[in-house]
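Okay, structure first, notes after.
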Amino acid sequence: MNNEVKVESIAIAKNQPKIINAWCSYDWANSVYALTISSAIFPVYYNSTTRAAFGGDKIQFFGFPIENTVLYSYALSFSFLIIVFLSPILSGMADYGGMKKRMMKFFTALGSASCIALYFFNGHNVEFGIIATILASTGWAGALVFYNAYLPEVATEDRFDSISARGYAMGYVGSVLQLIFSLMIIMNHEYLGITEAFGSKLAFLTVGAWWFLFAQISFHYLPSNVHQRPPKRTNLFKKGYGELKKVYFLVKKMPEIKRFLRSFFFYNAGVQTVMLLAATFGEKEMSLTVDQLITTVLLIQIVAIAGAYLFAQISAWKGNKFSIAVMVIIWVGVCAYAYLMQTVLDFYILAFVIGLIMGGIQSMSRSTYSKLIPRDTYDTASFFSFFDVAEKLSIVMGTFLYGLIEQITGNMRLSALSLVVLFVIGFILLMRFKMPERE
């Protein structure tokens, strides 16, 4: 008796404008978390409320004394570590059972609900706030695994760079609009008859609602991608592991994927750490006000729109490897400048440069990896799980290193300077990578 599962592939016409727009719209939906929660309002709110609750930067977390910014760095590291362990097996299950969209929906619901839960964080209940932060970050990172895996399924390779850039651009526009709305509430809190802290809490509510509601556009139009219809009694966990194992052995035979992932691991550790902890750096080291920090973040987001398209054009002109290499070199300068800067103007200049290369390096990394995946595979989520593991492990390493150096030295500038090492290693490994020529 033949016990093999029958593979049933569903052909999806690629480059359909409606589906492409739906895919890009998820960036519009979830990027508000990356901006308002990770980068702008929540880090400042977290620092100020915990400082007020505990009478300084040294706080108590489940009875253990720790610096508030160090705890926040470690919390981010832990959240991404969760995804490192979860995403590979979930990706295999999604590929085998045709559950990309279902997994994406689950993590979106988890992340958006956790953002809403931050409304109840007041500084005193720091344990609750950190747990909600971890769950929100887990939901955001988890959904991205399956979202990214859709790119090679909805578009042809010649359009990966431009569509990836469009997705990031839409995310920057959407997040800026939401942040401006939140900022108007916070800055006009007296006129509205509320406290500044309550205005920040309302921002967390709107982020959760924005993320969940706009994600429904993507969920409505994106195909379910049911490549296989497993029997009712199939053990999806076991089959998912088998799917992942199959892709693992394929990746082992693909040297350029391995070379790219090694380079990506190191330079992305620096990129993500700067993006996640820039606001805490500005607030603590530069003594920037909330208004100055928000202005900086808005500047970064607006410039990043142009940066995503600029480096997509550079890629079309000189190739993906050249485009990424230029940005990695600029990132080295960013870290060195962060260590030396003294004035608010210096911080604004740095923000402009970060914005220019932030969107470009993320967009080009995603599209470059998409081009390395075999064209005829349906295991896109499993392939992207390796990309995601490299990305999340790099964030764990980067944020942990950043927090550890600050804890040991008490100097956040040295933490920023240490990231130069990550970019240099990433650049050296990138030079060993060769973009394969394909029709």
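Identifiers in the structure tokens: chain A, B, ... in order shown; residue index from 1 per chain; ligand index from 1 in order shown.
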What lies within 8 Å of range 406-417 of chain A using only C-alpha atoms, ignoring chain neighbours under 5 positions off, as a ChimeraX atom specification?
/A:67,70,274,281,285,335-336,338-339,401
Find the residue from A:Gln272, A:Met431, A:Arg262, A:Gln342 that sits nearest to Ser287 in chain A; use only C-alpha atoms when measuring.
A:Gln342
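Reported to one decimal place, the separation of CA of Thr138 in chain A from CA of Phe80 in chain A is 6.4 Å.
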Write out as a list of chain:residue names each polymer residue whose atoms come within 8 Å of Val145 in chain A, counting only C-alpha atoms; drop sequence neighbours fewer than 2 positions from it.
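In the requested form, the answer reads A:Ser87, A:Ser91, A:Ala141, A:Gly142, A:Ala143, A:Tyr147, A:Asn148, A:Ala149, A:Ala381, A:Phe384, A:Ser385, A:Asp388.
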Do a neighbour search on range 19-25 of chain A at 6 Å with only C-alpha atoms, toss out local chain neighbours closer than 3 positions, and write the hits as a PDB file with all heavy atoms, in the first residue's frame.
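As a result, part-v8.pdb now contains:
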ATOM      1  N   GLN A  16       0.430  39.870 -10.247  1.00  0.00           N
ATOM      2  CA  GLN A  16      -0.912  40.440 -10.305  1.00  0.00           C
ATOM      3  C   GLN A  16      -0.944  41.705  -9.436  1.00  0.00           C
ATOM      4  O   GLN A  16      -0.641  41.634  -8.230  1.00  0.00           O
ATOM      5  CB  GLN A  16      -1.948  39.450  -9.789  1.00  0.00           C
ATOM      6  CG  GLN A  16      -2.088  38.188 -10.620  1.00  0.00           C
ATOM      7  CD  GLN A  16      -3.178  37.294 -10.101  1.00  0.00           C
ATOM      8  OE1 GLN A  16      -4.340  37.692 -10.006  1.00  0.00           O
ATOM      9  NE2 GLN A  16      -2.825  36.071  -9.738  1.00  0.00           N
ATOM     10  N   TRP A  28       2.606  48.168   5.425  1.00  0.00           N
ATOM     11  CA  TRP A  28       1.844  49.324   5.910  1.00  0.00           C
ATOM     12  C   TRP A  28       1.219  49.004   7.270  1.00  0.00           C
ATOM     13  O   TRP A  28       1.202  49.846   8.172  1.00  0.00           O
ATOM     14  CB  TRP A  28       0.755  49.667   4.891  1.00  0.00           C
ATOM     15  CG  TRP A  28      -0.254  50.695   5.305  1.00  0.00           C
ATOM     16  CD1 TRP A  28      -1.300  50.510   6.158  1.00  0.00           C
ATOM     17  CD2 TRP A  28      -0.328  52.065   4.891  1.00  0.00           C
ATOM     18  NE1 TRP A  28      -2.021  51.662   6.303  1.00  0.00           N
ATOM     19  CE2 TRP A  28      -1.445  52.637   5.531  1.00  0.00           C
ATOM     20  CE3 TRP A  28       0.431  52.850   4.027  1.00  0.00           C
ATOM     21  CZ2 TRP A  28      -1.820  53.960   5.336  1.00  0.00           C
ATOM     22  CZ3 TRP A  28       0.072  54.178   3.838  1.00  0.00           C
ATOM     23  CH2 TRP A  28      -1.042  54.721   4.478  1.00  0.00           C
ATOM     24  N   GLY A 167       7.333  47.596  -0.714  1.00  0.00           N
ATOM     25  CA  GLY A 167       6.779  47.168   0.566  1.00  0.00           C
ATOM     26  C   GLY A 167       7.341  47.978   1.716  1.00  0.00           C
ATOM     27  O   GLY A 167       6.593  48.496   2.559  1.00  0.00           O
ATOM     28  N   SER A 218      -4.358  42.330   3.511  1.00  0.00           N
ATOM     29  CA  SER A 218      -3.442  41.286   3.030  1.00  0.00           C
ATOM     30  C   SER A 218      -4.082  39.913   3.144  1.00  0.00           C
ATOM     31  O   SER A 218      -3.999  39.100   2.214  1.00  0.00           O
ATOM     32  CB  SER A 218      -2.136  41.319   3.836  1.00  0.00           C
ATOM     33  OG  SER A 218      -1.502  42.569   3.727  1.00  0.00           O
ATOM     34  N   TYR A 221      -6.687  39.173   0.291  1.00  0.00           N
ATOM     35  CA  TYR A 221      -6.267  39.000  -1.106  1.00  0.00           C
ATOM     36  C   TYR A 221      -5.131  37.992  -1.303  1.00  0.00           C
ATOM     37  O   TYR A 221      -5.022  37.396  -2.375  1.00  0.00           O
ATOM     38  CB  TYR A 221      -5.846  40.345  -1.699  1.00  0.00           C
ATOM     39  CG  TYR A 221      -6.998  41.282  -1.935  1.00  0.00           C
ATOM     40  CD1 TYR A 221      -7.236  42.359  -1.089  1.00  0.00           C
ATOM     41  CD2 TYR A 221      -7.874  41.086  -3.009  1.00  0.00           C
ATOM     42  CE1 TYR A 221      -8.300  43.226  -1.304  1.00  0.00           C
ATOM     43  CE2 TYR A 221      -8.938  41.944  -3.234  1.00  0.00           C
ATOM     44  CZ  TYR A 221      -9.144  43.010  -2.377  1.00  0.00           C
ATOM     45  OH  TYR A 221     -10.205  43.866  -2.591  1.00  0.00           O
ATOM     46  N   LEU A 222      -4.248  37.835  -0.305  1.00  0.00           N
ATOM     47  CA  LEU A 222      -3.142  36.895  -0.480  1.00  0.00           C
ATOM     48  C   LEU A 222      -3.664  35.471  -0.596  1.00  0.00           C
ATOM     49  O   LEU A 222      -4.564  35.075   0.153  1.00  0.00           O
ATOM     50  CB  LEU A 222      -2.160  36.990   0.688  1.00  0.00           C
ATOM     51  CG  LEU A 222      -1.204  38.180   0.700  1.00  0.00           C
ATOM     52  CD1 LEU A 222      -0.351  38.159   1.961  1.00  0.00           C
ATOM     53  CD2 LEU A 222      -0.313  38.190  -0.538  1.00  0.00           C
TER      54      LEU A 222
END
If we count only C-alpha atoms and set the cut-off at 8 Å, which residues sit around range 350-357 of chain A, ignoring sequence neighbours fewer than 5 positions away in its own chain? Please answer as an MDAnalysis selection string.
chainID A and resid 296:297 299:308 327 330:331 334 337:338
Ranking A:Leu276, A:Ala197, A:Leu205, A:Ala215 by minimum distance to Tyr45 in chain A and counting only C-alpha atoms, which one comes first?
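That would be A:Ala197, the residue with the smallest distance to Tyr45 in chain A.
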Nearest candidate to Ser162 in chain A (options A:Gly360, A:Gly111, A:Gly398, A:Gly208; using only C-alpha atoms):
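So, comparing all the options, the nearest one is A:Gly360.
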Would you return as a PyMOL selection string the members of range 62-235 of chain A that DSSP assigns to strand (DSSP E) on this structure's backbone?
chain A and resi 64-67
For a test of reading the model, state the distance in Å between CA of Val389 in chain A and CA of Ser175 in chain A, rounded to one decimal.
25.4 Å
